[in-house]
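K.L.:
Here you go, one structure.
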Amino acid sequence: MPDSVVETLGWSDAGEVELKAGRCTRSGADGMIDLHRVSVTADAQEAYDERCAGLDPEAGESVDWLGDQEACATDPAAADYAYLVTLTGDDELVEAFIAPNVETPDHRVVQGLTELAEGYPAG
């Protein structure tokens, strides 16, 4: 997880990167960032659709932040966190989560999610 994401968010204390069970997490006084890959054994499109429909506080809306890559996300203005799900191939999803503890403009959260998804290595 690059430091540039923390800089984009405008945070000064995001903690250290922890890698555990396929997850990359940073958690500090300013908030939490989580990024992980989900392997899909069945239909990836169906898994993606179900994951997007189940996002709270509202179902994830399709977003075009990632160009041609299919993605859905929660609205950062609707909750104290934002979640992004991307369909990256026939057998995986990438999920990114940002939960600020400090005032963080919505556009910075969207940019942070974008950087996380774009920078995630292909499996």
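We label chains A, B, ... in the order they appear in the structure tokens, count residues from 1 in each chain, and number ligands from 1 in the order shown.
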Name the residues in contact with region 82-94 of chain A at a cut-off of 7 Å, using only C-alpha atoms, excluding same-chain residues fewer than 6 positions from it; report them as JSON, numbers by chain.
P.N.:
{"A": [36, 37, 38, 39, 40, 41, 44, 48, 52, 69, 70, 71, 72, 73, 74, 75, 76, 113]}
K.L.:
Just list as a list in words whatever in region 38-121 of chain A DSSP marks as strand (DSSP E).
P.N.:
Val38, Ser39, Glu61, Ser62, Val63, Glu70, Ala71, Cys72, Ala73, Ala82, Tyr83, Leu84, Val85, Thr86, Leu87, Glu92, Leu93, Val94, Glu95, Ala96, Phe97, Ile98, Ala99 and Pro100 of chain A
K.L.:
I need the residues from that last selection saved to file as a PDB file, in the first residue's frame (with C-alpha atoms), if you can.
P.N.:
```
ATOM      1  CA  VAL A  38     -11.267 -12.041  -3.092  1.00  0.00           C
ATOM      2  CA  SER A  39     -10.871 -15.231  -5.115  1.00  0.00           C
ATOM      3  CA  GLU A  61     -23.496   2.243  -7.323  1.00  0.00           C
ATOM      4  CA  SER A  62     -21.540   1.662 -10.510  1.00  0.00           C
ATOM      5  CA  VAL A  63     -18.686   4.127 -10.828  1.00  0.00           C
ATOM      6  CA  GLU A  70     -16.064  -2.572 -13.763  1.00  0.00           C
ATOM      7  CA  ALA A  71     -16.460  -1.096 -10.273  1.00  0.00           C
ATOM      8  CA  CYS A  72     -19.080  -0.154  -7.699  1.00  0.00           C
ATOM      9  CA  ALA A  73     -18.743   1.916  -4.549  1.00  0.00           C
ATOM     10  CA  ALA A  82     -16.323   4.282   1.708  1.00  0.00           C
ATOM     11  CA  TYR A  83     -16.071   0.895   0.023  1.00  0.00           C
ATOM     12  CA  LEU A  84     -15.029   0.062  -3.534  1.00  0.00           C
ATOM     13  CA  VAL A  85     -15.424  -3.317  -5.249  1.00  0.00           C
ATOM     14  CA  THR A  86     -13.800  -3.983  -8.612  1.00  0.00           C
ATOM     15  CA  LEU A  87     -14.158  -6.916 -10.955  1.00  0.00           C
ATOM     16  CA  GLU A  92     -11.294 -12.326  -8.571  1.00  0.00           C
ATOM     17  CA  LEU A  93     -12.583  -9.141  -7.030  1.00  0.00           C
ATOM     18  CA  VAL A  94     -10.512  -6.433  -5.376  1.00  0.00           C
ATOM     19  CA  GLU A  95     -12.076  -4.602  -2.447  1.00  0.00           C
ATOM     20  CA  ALA A  96     -10.830  -1.336  -0.960  1.00  0.00           C
ATOM     21  CA  PHE A  97     -12.125   0.330   2.216  1.00  0.00           C
ATOM     22  CA  ILE A  98     -11.356   3.727   3.738  1.00  0.00           C
ATOM     23  CA  ALA A  99     -12.737   4.842   7.116  1.00  0.00           C
ATOM     24  CA  PRO A 100     -11.547   8.312   8.160  1.00  0.00           C
TER      25      PRO A 100
END
```
K.L.:
Can you list, as JSON, numbers by chain, every protein, DNA or RNA residue that comes within 9 Å of Trp65 (chain A) when you count only C-alpha atoms, leaving out same-chain residues fewer than 6 positions away?
P.N.:
{"A": [71, 110, 111, 114]}
K.L.:
Quick one: write out the picked residues with N, CA and C atoms as a PDB file, in the first residue's frame?
P.N.:
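Once written, part_26.pdb looks like this:
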```
ATOM      1  N   ALA A  71     -16.607  -1.403 -11.690  1.00  0.00           N
ATOM      2  CA  ALA A  71     -16.460  -1.096 -10.273  1.00  0.00           C
ATOM      3  C   ALA A  71     -17.758  -0.532  -9.714  1.00  0.00           C
ATOM      4  N   VAL A 110     -12.458   9.352  -2.591  1.00  0.00           N
ATOM      5  CA  VAL A 110     -12.634   8.747  -3.912  1.00  0.00           C
ATOM      6  C   VAL A 110     -11.276   8.568  -4.593  1.00  0.00           C
ATOM      7  N   GLN A 111     -10.427   9.578  -4.540  1.00  0.00           N
ATOM      8  CA  GLN A 111      -9.104   9.473  -5.154  1.00  0.00           C
ATOM      9  C   GLN A 111      -8.263   8.399  -4.468  1.00  0.00           C
ATOM     10  N   THR A 114      -9.409   5.054  -5.647  1.00  0.00           N
ATOM     11  CA  THR A 114      -8.943   4.884  -7.019  1.00  0.00           C
ATOM     12  C   THR A 114      -7.473   4.457  -7.049  1.00  0.00           C
TER      13      THR A 114
END
```
K.L.:
One decimal, Å: what's the distance from CA of Asp56 (chain A) over to CA of Thr8 (chain A), could you say?
P.N.:
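Going from CA of Asp56 (chain A) over to CA of Thr8 (chain A), I get 24.2 Å.
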K.L.:
Grab the CA of Val17 (chain A) to CA of Leu66 (chain A) distance for me, in Å with one decimal place.
P.N.:
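Distance between the two atoms: 24.0 Å.
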